[in-house]
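File shown: entry-v3.cif. Contents: mmCIF, C-alpha atoms and all ligand atoms.
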```cif
data_upload
#
loop_
_atom_site.label_atom_id
_atom_site.label_comp_id
_atom_site.auth_asym_id
_atom_site.auth_seq_id
_atom_site.Cartn_x
_atom_site.Cartn_y
_atom_site.Cartn_z
CA GLN A 93 -17.78 2.32 -6.91
CA GLN A 94 -15.30 3.94 -4.55
CA PRO A 95 -14.64 1.67 -1.54
CA PHE A 96 -15.42 3.12 1.87
CA LEU A 97 -12.70 1.05 3.48
CA SER A 98 -9.61 -0.04 1.67
CA VAL A 99 -6.99 -2.30 3.22
CA ARG A 100 -3.71 -2.87 1.38
CA ASP A 101 -1.04 -5.43 2.15
CA LEU A 102 -1.81 -5.38 5.86
CA LYS A 103 0.63 -7.12 8.16
CA VAL A 104 -0.03 -7.47 11.86
CA HIS A 105 2.77 -9.13 13.80
CA PHE A 106 2.93 -9.57 17.58
CA SER A 107 5.94 -10.22 19.69
CA THR A 108 5.50 -13.00 22.22
CA GLU A 109 7.95 -14.76 24.53
CA ASP A 110 8.30 -17.48 21.92
CA GLY A 111 8.86 -15.25 18.94
CA ILE A 112 6.95 -13.25 16.37
CA VAL A 113 3.38 -14.29 15.62
CA LYS A 114 2.44 -13.33 12.09
CA ALA A 115 -1.28 -13.06 12.74
CA VAL A 116 -2.02 -11.25 9.49
CA ASP A 117 0.49 -11.51 6.72
CA GLY A 118 -0.23 -9.44 3.64
CA LEU A 119 -3.99 -8.93 3.38
CA SER A 120 -5.84 -6.63 0.97
CA PHE A 121 -9.56 -6.00 0.63
CA ASP A 122 -12.18 -3.33 0.01
CA VAL A 123 -15.54 -2.70 1.58
CA LEU A 124 -18.08 -0.81 -0.52
CA LYS A 125 -20.63 1.64 0.84
CA GLY A 126 -23.75 -0.08 2.08
CA LYS A 127 -22.44 -3.56 1.23
CA THR A 128 -21.49 -6.53 3.38
CA LEU A 129 -18.12 -8.19 3.22
CA GLY A 130 -18.12 -11.59 4.90
CA ILE A 131 -14.77 -12.72 6.27
CA VAL A 132 -14.73 -16.42 6.96
CA GLY A 133 -12.10 -18.69 8.46
CA GLU A 134 -11.33 -20.88 11.46
CA SER A 135 -10.31 -19.37 14.76
CA GLY A 136 -6.75 -18.09 14.57
CA SER A 137 -7.02 -17.30 10.84
CA GLY A 138 -6.50 -13.59 11.51
CA LYS A 139 -10.03 -12.34 10.94
CA SER A 140 -10.53 -10.71 14.34
CA VAL A 141 -6.99 -9.37 14.45
CA THR A 142 -7.50 -7.68 11.08
CA ASN A 143 -10.55 -5.90 12.32
CA LEU A 144 -9.06 -4.85 15.62
CA ALA A 145 -6.31 -3.21 13.55
CA VAL A 146 -8.92 -1.41 11.43
CA LEU A 147 -10.54 -0.12 14.61
CA GLY A 148 -7.17 0.83 16.09
CA LEU A 149 -7.87 -1.41 19.10
CA HIS A 150 -4.76 -3.59 18.92
CA ASP A 151 -2.09 -3.40 21.61
CA ARG A 152 0.18 -0.79 20.10
CA ASP A 153 3.22 -1.61 22.22
CA ARG A 154 3.41 -5.24 21.23
CA THR A 155 2.19 -5.05 17.67
CA ALA A 156 4.03 -4.21 14.48
CA ILE A 157 1.68 -3.12 11.73
CA GLU A 158 2.47 -2.44 8.10
CA GLY A 159 0.38 -1.63 5.07
CA GLU A 160 -2.43 0.79 4.48
CA ILE A 161 -5.88 1.16 5.96
CA LEU A 162 -7.88 3.90 4.27
CA LEU A 163 -11.27 4.78 5.72
CA ASP A 164 -13.02 7.25 3.47
CA ASP A 165 -9.56 8.34 2.28
CA LYS A 166 -8.18 8.79 5.77
CA GLU A 167 -5.10 6.73 6.65
CA LEU A 168 -5.87 4.99 9.94
CA LEU A 169 -2.47 3.48 10.67
CA THR A 170 -0.95 6.91 11.20
CA ALA A 171 -4.01 8.44 12.87
CA SER A 172 -3.68 9.56 16.49
CA GLU A 173 -5.51 7.76 19.28
CA LYS A 174 -7.74 10.82 19.57
CA GLU A 175 -8.71 10.75 15.91
CA LEU A 176 -9.39 7.02 16.09
CA GLU A 177 -11.53 7.52 19.15
CA ARG A 178 -13.60 10.05 17.23
CA LEU A 179 -13.87 7.81 14.18
CA ARG A 180 -14.97 4.87 16.34
CA GLY A 181 -18.54 5.90 16.84
CA ASN A 182 -19.08 8.41 14.08
CA LYS A 183 -17.67 6.50 11.14
CA MET A 184 -17.09 2.97 12.33
CA SER A 185 -18.47 0.89 15.09
CA MET A 186 -18.43 -2.70 16.25
CA ILE A 187 -20.42 -5.50 17.76
CA PHE A 188 -18.99 -8.65 19.29
CA GLN A 189 -20.04 -12.14 20.25
CA ASP A 190 -20.24 -11.20 23.88
CA ALA A 191 -22.53 -8.25 24.55
CA LEU A 192 -21.59 -8.31 28.22
CA ALA A 193 -18.03 -7.46 27.25
CA SER A 194 -19.09 -4.25 25.53
CA LEU A 195 -21.85 -3.24 27.93
CA SER A 196 -20.89 -2.15 31.40
CA PRO A 197 -22.76 -3.98 34.18
CA TYR A 198 -22.70 -0.84 36.35
CA HIS A 199 -24.84 1.44 34.20
CA THR A 200 -28.28 1.14 32.71
CA ILE A 201 -28.54 0.19 29.07
CA GLY A 202 -30.16 3.53 28.29
CA LYS A 203 -27.46 5.53 29.97
CA GLN A 204 -24.74 3.71 28.02
CA ILE A 205 -26.42 4.28 24.68
CA ALA A 206 -27.23 7.90 25.52
CA GLU A 207 -23.66 8.63 26.67
CA THR A 208 -22.23 7.21 23.46
CA TYR A 209 -24.54 9.47 21.50
CA ARG A 210 -23.79 12.52 23.64
CA LYS A 211 -20.04 12.03 23.46
CA HIS A 212 -19.99 11.89 19.68
CA THR A 213 -22.69 14.40 18.79
CA GLY A 214 -22.70 16.86 21.68
CA ALA A 215 -26.46 16.40 22.08
CA SER A 216 -28.06 17.28 25.43
CA LYS A 217 -28.81 14.68 28.10
CA SER A 218 -32.51 14.69 27.45
CA GLN A 219 -32.10 14.54 23.67
CA SER A 220 -29.70 11.64 24.13
CA ARG A 221 -32.16 9.75 26.28
CA VAL A 222 -34.86 10.22 23.67
CA ARG A 223 -32.44 8.94 21.04
CA ALA A 224 -31.57 5.90 23.20
CA ILE A 225 -35.26 4.99 23.55
CA GLU A 226 -35.75 5.45 19.82
CA MET A 227 -32.82 3.14 19.04
CA LEU A 228 -34.03 0.50 21.51
CA ARG A 229 -37.41 0.58 19.81
CA ARG A 230 -35.75 0.31 16.43
CA VAL A 231 -33.84 -2.84 17.39
CA GLY A 232 -37.01 -4.47 18.67
CA ILE A 233 -36.84 -4.06 22.45
CA PRO A 234 -40.43 -4.12 23.74
CA GLN A 235 -41.50 -1.18 25.93
CA PRO A 236 -38.29 0.72 25.32
CA GLU A 237 -39.37 3.70 27.47
CA VAL A 238 -39.40 1.31 30.45
CA ARG A 239 -36.53 -1.02 29.53
CA VAL A 240 -34.20 1.93 28.91
CA ASP A 241 -33.63 2.02 32.68
CA ASP A 242 -32.74 -1.67 32.98
CA TYR A 243 -29.23 -2.94 33.59
CA PRO A 244 -27.65 -5.41 31.15
CA HIS A 245 -28.21 -8.38 33.50
CA GLN A 246 -31.96 -7.74 33.32
CA PHE A 247 -31.92 -8.41 29.57
CA SER A 248 -31.91 -11.84 27.95
CA GLY A 249 -28.92 -12.79 25.76
CA GLY A 250 -30.77 -11.92 22.56
CA MET A 251 -31.98 -8.60 23.98
CA ARG A 252 -28.49 -7.68 25.09
CA GLN A 253 -27.28 -8.37 21.58
CA ARG A 254 -30.00 -6.04 20.30
CA ALA A 255 -28.98 -3.38 22.83
CA MET A 256 -25.36 -3.66 21.70
CA ILE A 257 -26.48 -3.17 18.11
CA ALA A 258 -28.48 -0.12 19.19
CA MET A 259 -25.37 1.29 20.86
CA ALA A 260 -23.20 0.54 17.83
CA LEU A 261 -25.59 2.27 15.46
CA VAL A 262 -26.68 5.19 17.62
CA CYS A 263 -24.30 7.61 15.86
CA ASP A 264 -25.17 6.29 12.43
CA PRO A 265 -21.72 4.93 11.51
CA GLU A 266 -20.91 4.17 7.90
CA LEU A 267 -19.06 0.97 8.74
CA LEU A 268 -20.14 -1.68 11.22
CA ILE A 269 -17.74 -4.46 12.12
CA ALA A 270 -19.61 -7.49 13.41
CA ASP A 271 -17.35 -10.16 14.91
CA GLU A 272 -19.34 -13.39 15.34
CA PRO A 273 -22.24 -11.43 16.89
CA THR A 274 -24.65 -14.36 16.76
CA THR A 275 -22.38 -17.28 17.57
CA ALA A 276 -23.46 -17.61 21.20
CA LEU A 277 -27.18 -17.37 20.48
CA ASP A 278 -29.66 -20.14 19.82
CA VAL A 279 -30.74 -20.65 16.24
CA THR A 280 -34.05 -18.79 16.42
CA VAL A 281 -32.59 -15.72 18.09
CA GLN A 282 -29.63 -15.87 15.71
CA ALA A 283 -32.00 -15.68 12.73
CA GLN A 284 -33.82 -12.74 14.29
CA ILE A 285 -30.60 -10.83 14.86
CA MET A 286 -29.45 -11.50 11.28
CA ASP A 287 -32.77 -10.19 9.97
CA LEU A 288 -32.45 -7.14 12.17
CA LEU A 289 -28.95 -6.39 10.86
CA LYS A 290 -30.13 -6.72 7.26
CA ASP A 291 -33.08 -4.36 7.91
CA LEU A 292 -30.86 -1.83 9.64
CA GLN A 293 -28.36 -1.97 6.80
CA GLN A 294 -31.14 -1.16 4.34
CA GLU A 295 -32.35 1.69 6.47
CA PHE A 296 -29.01 3.25 7.42
CA GLY A 297 -26.94 2.25 4.37
CA THR A 298 -24.20 0.93 6.66
CA ALA A 299 -21.32 -1.05 5.20
CA ILE A 300 -20.75 -4.21 7.23
CA ILE A 301 -17.77 -6.45 7.76
CA PHE A 302 -19.22 -9.68 9.06
CA ILE A 303 -16.70 -12.03 10.63
CA THR A 304 -17.68 -15.64 11.09
CA HIS A 305 -16.47 -19.23 10.95
CA ASP A 306 -19.83 -20.26 9.51
CA LEU A 307 -20.42 -20.27 5.76
CA GLY A 308 -24.15 -20.58 6.44
CA VAL A 309 -24.08 -17.11 7.96
CA ILE A 310 -22.07 -15.84 4.99
CA ALA A 311 -24.68 -17.30 2.64
CA ASP A 312 -27.32 -15.37 4.54
CA ILE A 313 -25.75 -11.93 4.78
CA ALA A 314 -22.68 -11.31 2.60
CA ASP A 315 -22.34 -9.60 -0.77
CA ASP A 316 -18.64 -10.34 -1.09
CA VAL A 317 -16.58 -12.98 0.65
CA LEU A 318 -12.99 -13.23 1.81
CA VAL A 319 -11.77 -16.64 2.96
CA MET A 320 -8.85 -16.47 5.37
CA TYR A 321 -6.38 -19.15 6.32
CA GLY A 322 -3.28 -18.76 8.45
CA GLY A 323 -3.27 -14.96 8.32
CA ARG A 324 -3.77 -14.74 4.58
CA CYS A 325 -6.59 -14.52 2.11
CA VAL A 326 -6.85 -17.79 0.19
CA GLU A 327 -9.94 -16.97 -1.83
CA ARG A 328 -12.20 -14.04 -2.57
CA GLY A 329 -15.10 -13.15 -4.80
CA THR A 330 -18.80 -12.47 -4.69
CA LYS A 331 -20.86 -14.71 -2.45
CA ARG A 332 -22.21 -16.56 -5.45
CA GLU A 333 -18.74 -17.14 -6.92
CA VAL A 334 -17.23 -18.39 -3.69
CA LEU A 335 -20.12 -20.57 -2.54
CA GLN A 336 -21.13 -21.97 -5.90
CA SER A 337 -17.78 -22.43 -7.57
CA PRO A 338 -15.04 -22.48 -4.95
CA GLN A 339 -11.49 -22.34 -6.31
CA HIS A 340 -9.48 -23.18 -3.21
CA PRO A 341 -9.34 -26.58 -1.47
CA TYR A 342 -9.80 -24.90 1.90
CA THR A 343 -13.04 -23.23 0.80
CA LEU A 344 -14.17 -26.54 -0.62
CA GLY A 345 -13.45 -28.14 2.76
CA LEU A 346 -15.47 -25.47 4.57
CA LEU A 347 -18.34 -25.99 2.17
CA SER A 348 -18.40 -29.73 2.62
CA SER A 349 -18.42 -29.32 6.40
CA MET A 350 -21.42 -27.03 6.22
CA PRO A 351 -24.73 -28.51 7.33
CA SER A 352 -27.37 -28.13 4.67
CA LEU A 353 -31.12 -28.45 4.85
CA ASP A 354 -31.17 -31.82 3.18
CA HIS A 355 -28.48 -33.18 5.52
CA PRO A 356 -30.15 -35.57 7.95
CA VAL A 357 -29.07 -34.32 11.37
CA ASP A 358 -27.54 -37.61 12.46
CA VAL A 359 -25.11 -37.80 9.55
CA PRO A 360 -21.74 -36.60 10.76
CA LEU A 361 -20.47 -33.55 8.94
CA ASN A 362 -17.18 -33.49 7.24
CA PRO A 363 -14.84 -31.15 9.09
CA ILE A 364 -11.45 -30.53 7.57
CA PRO A 365 -8.96 -32.92 9.25
CA GLY A 366 -5.97 -31.42 11.02
CA SER A 367 -5.70 -28.13 12.84
CA PRO A 368 -5.01 -24.50 11.91
CA PRO A 369 -1.36 -23.65 11.29
CA SER A 370 0.97 -22.21 13.90
CA LEU A 371 1.51 -18.55 13.17
CA LEU A 372 4.77 -18.60 15.11
CA ASN A 373 6.18 -21.19 12.76
CA PRO A 374 3.91 -21.33 9.75
CA PRO A 375 4.26 -24.25 7.32
CA THR A 376 6.52 -23.59 4.36
CA GLY A 377 5.01 -23.06 0.93
CA CYS A 378 1.23 -23.07 0.96
CA ARG A 379 0.15 -22.77 4.59
CA PHE A 380 -2.68 -25.20 3.94
CA HIS A 381 -0.48 -27.94 2.51
CA PRO A 382 -0.28 -30.18 5.62
CA ARG A 383 -4.08 -30.49 5.51
CA CYS A 384 -4.66 -30.40 1.78
CA THR A 385 -5.73 -33.60 0.04
CA PHE A 386 -4.76 -32.11 -3.34
CA ALA A 387 -1.16 -31.23 -2.48
CA GLU A 388 0.12 -34.48 -3.99
CA LYS A 389 -1.59 -33.68 -7.31
CA VAL A 390 0.67 -30.69 -7.80
CA GLU A 391 3.95 -31.57 -9.45
CA GLY A 392 7.36 -31.43 -7.85
CA GLY A 393 6.26 -30.91 -4.25
CA LEU A 394 5.58 -27.30 -5.11
CA CYS A 395 2.89 -26.95 -2.42
CA SER A 396 5.35 -27.42 0.43
CA ARG A 397 8.02 -25.28 -1.22
CA GLU A 398 6.38 -22.24 -2.73
CA GLN A 399 3.71 -19.97 -1.45
CA PRO A 400 1.03 -19.70 -4.12
CA PRO A 401 0.35 -16.06 -5.03
CA LEU A 402 -3.16 -14.65 -4.72
CA GLU A 403 -4.13 -13.70 -8.24
CA VAL A 404 -7.13 -11.42 -8.37
CA THR A 405 -9.08 -10.28 -11.43
CA ASN A 406 -12.17 -8.12 -10.95
CA GLY A 407 -12.29 -8.97 -7.27
CA ARG A 408 -12.20 -12.71 -7.95
CA GLY A 409 -9.21 -14.83 -7.09
CA SER A 410 -7.57 -17.58 -5.10
CA ALA A 411 -4.12 -18.63 -3.96
CA CYS A 412 -3.47 -22.24 -4.99
CA HIS A 413 -1.05 -24.05 -7.29
CA LEU A 414 -3.74 -26.22 -8.86
CA THR A 415 -4.49 -25.33 -12.47
CA ALA A 416 -7.99 -24.39 -13.56
CA GLY A 417 -8.17 -27.72 -15.40
CA GLN A 418 -7.21 -29.68 -12.28
CA ARG A 419 -9.78 -27.83 -10.22
CA ALA A 420 -12.50 -28.52 -12.75
CA GLU A 421 -11.58 -32.19 -12.69
CA TYR A 422 -11.18 -32.71 -8.93
CA PHE A 423 -13.72 -30.29 -7.47
CA SER A 424 -16.83 -31.13 -9.46
CA ASP A 425 -17.89 -34.31 -7.63
CA LEU A 426 -16.90 -32.94 -4.26
CA ALA A 427 -18.78 -29.68 -4.63
CA GLY A 428 -21.74 -31.64 -5.95
CA SER A 429 -21.87 -33.96 -2.97
CA ALA A 430 -21.51 -31.14 -0.41
FE1 LIG A 501 -3.54 -27.49 -1.65
FE2 LIG A 501 -1.29 -27.02 -2.97
FE3 LIG A 501 -3.46 -25.57 -3.49
FE4 LIG A 501 -2.17 -25.26 -1.19
S1 LIG A 501 -1.39 -24.80 -3.22
S2 LIG A 501 -4.34 -25.42 -1.44
S3 LIG A 501 -1.53 -27.34 -0.76
S4 LIG A 501 -3.20 -27.76 -3.84
MG MG A 502 -12.30 -14.28 16.44
#
```
What do you get writing this file as structure tokens?
Ligand code: SF4
Ligand code: MG
Amino acid sequence: QQPFLSVRDLKVHFSTEDGIVKAVDGLSFDVLKGKTLGIVGESGSGKSVTNLAVLGLHDRDRTAIEGEILLDDKELLTASEKELERLRGNKMSMIFQDALASLSPYHTIGKQIAETYRKHTGASKSQSRVRAIEMLRRVGIPQPEVRVDDYPHQFSGGMRQRAMIAMALVCDPELLIADEPTTALDVTVQAQIMDLLKDLQQEFGTAIIFITHDLGVIADIADDVLVMYGGRCVERGTKREVLQSPQHPYTLGLLSSMPSLDHPVDVPLNPIPGSPPSLLNPPTGCRFHPRCTFAEKVEGGLCSREQPPLEVTNGRGSACHLTAGQRAEYFSDLAGSA
């Protein structure tokens, strides 16, 4: 299947007063039509930065970008601001953690959704209002013909999130980028929003990039998974491959820190010790080596000297110096006890 979005060897580097931050450093992935790619990693792993670059929303003056971003065969990195503006809405759209940041407090919810629709489709004001009400109904807002005239502050957090989804999907985009859209919500509302996104994806056939630090969310929604660490992909594959037979110590660490249903709530989880790498001065060799409990198993201090290449076959791969035999030996108990 032809990917709808194809990213090749993407590098996103910022200049700061202290030097160059290599926020994304050689990332490649594809998103297929109607499928969900989950991108998982800690904060600062480059997941949000990657997607801002796809949307063309990075600060162009301070950012050096290299690589290729093809959306439906159109190269986005060389596209003009005007073209990107048109594509954002018609072809790709986004939702964020904070609905208040994407909804203006000064206009009614309905007006904002209708204006987005009007701008991209040229529909009339009254048609656009009808469309806004229809979308609010579709995302589960009760009495949409009344609530359409509410302001964002009159909506609850969960309803605002629904309204933001309505606005993101009003022009029927083919790609939706969802950056931690449920992180700030309580568990029940979070589950409702996830269900809504899955339903809408079925109905509209939207491809989704779902960004999260939570493997539980990935387990719920993703088809394919990309695990990011320090601006790079360390592991990728289908959801089943990555969650059931992880190949990279970092993925294994994420899995063992994931709460599971049979985890009594008072048992402390097992977060990966240490903190994410500096992207100003990344560790030499494997960027995960200062935190990796397996680094000493690899001969000759290779982990701190040489960056392991990401070897990918049929979409499956990982970047680690451990041999398949070593992984089989060391990972089995750990994955089993997670
Ligand atoms: Fe750990 Fe070495 Fe593999 Fe990096 S390359 S994840 S440090 S074992
Ligand atoms: Mg982020």
Within 8 Å of ligand MG 502 (chain A), counting all atoms listed in the file, which protein or nucleic acid residues do you find, written as a list in words? Ser135, Gly136, Gly138, Lys139, Ser140, Val141, Asp271, Glu272, Ile303 and Thr304 of chain A
Name each residue within 10 Å of ligand LIG 501 (chain A), counting only C-alpha atoms and all ligand atoms, as JSON, numbers by chain. {"A": [326, 339, 340, 341, 342, 343, 344, 377, 378, 379, 380, 381, 382, 383, 384, 385, 386, 387, 388, 389, 390, 391, 393, 394, 395, 396, 397, 398, 399, 400, 401, 410, 411, 412, 413, 414, 415, 418, 419]}
Option closest in space to Ile310 of chain A, from A:Ala171, A:Leu371, A:Ile161, A:Met286 [counting only C-alpha atoms]: A:Met286
Contacts of Gly407 of chain A at 8 Å or less, counting only C-alpha atoms, minus same-chain residues fewer than 6 places along, as a short mmCIF file (atom, residue, chain, number, x, y, z; two decimals) with C-alpha atoms, in the coordinates of the input?
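After the write, part.cif holds the following:
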```cif
data_model
loop_
_atom_site.label_atom_id
_atom_site.label_comp_id
_atom_site.auth_asym_id
_atom_site.auth_seq_id
_atom_site.Cartn_x
_atom_site.Cartn_y
_atom_site.Cartn_z
CA ARG A 328 -12.20 -14.04 -2.57
CA GLY A 329 -15.10 -13.15 -4.80
CA THR A 330 -18.80 -12.47 -4.69
#
```
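Nearest to Ala260 of chain A of all the residues A:Gln246, A:Ser216, A:Ser185, A:Ser196 is A:Ser185, counting all atoms listed in the file.
Between atom CA of His305 of chain A and atom CA of Val113 of chain A lies a distance of 21.0 Å.
Closest to Val262 of chain A among A:Leu168, A:Ile364, A:Met186, A:Ala420 is A:Met186, based on all atoms listed in the file.
If you look at atom CA of Arg154 of chain A and atom CA of Thr108 of chain A, they are 8.1 Å away from each other.
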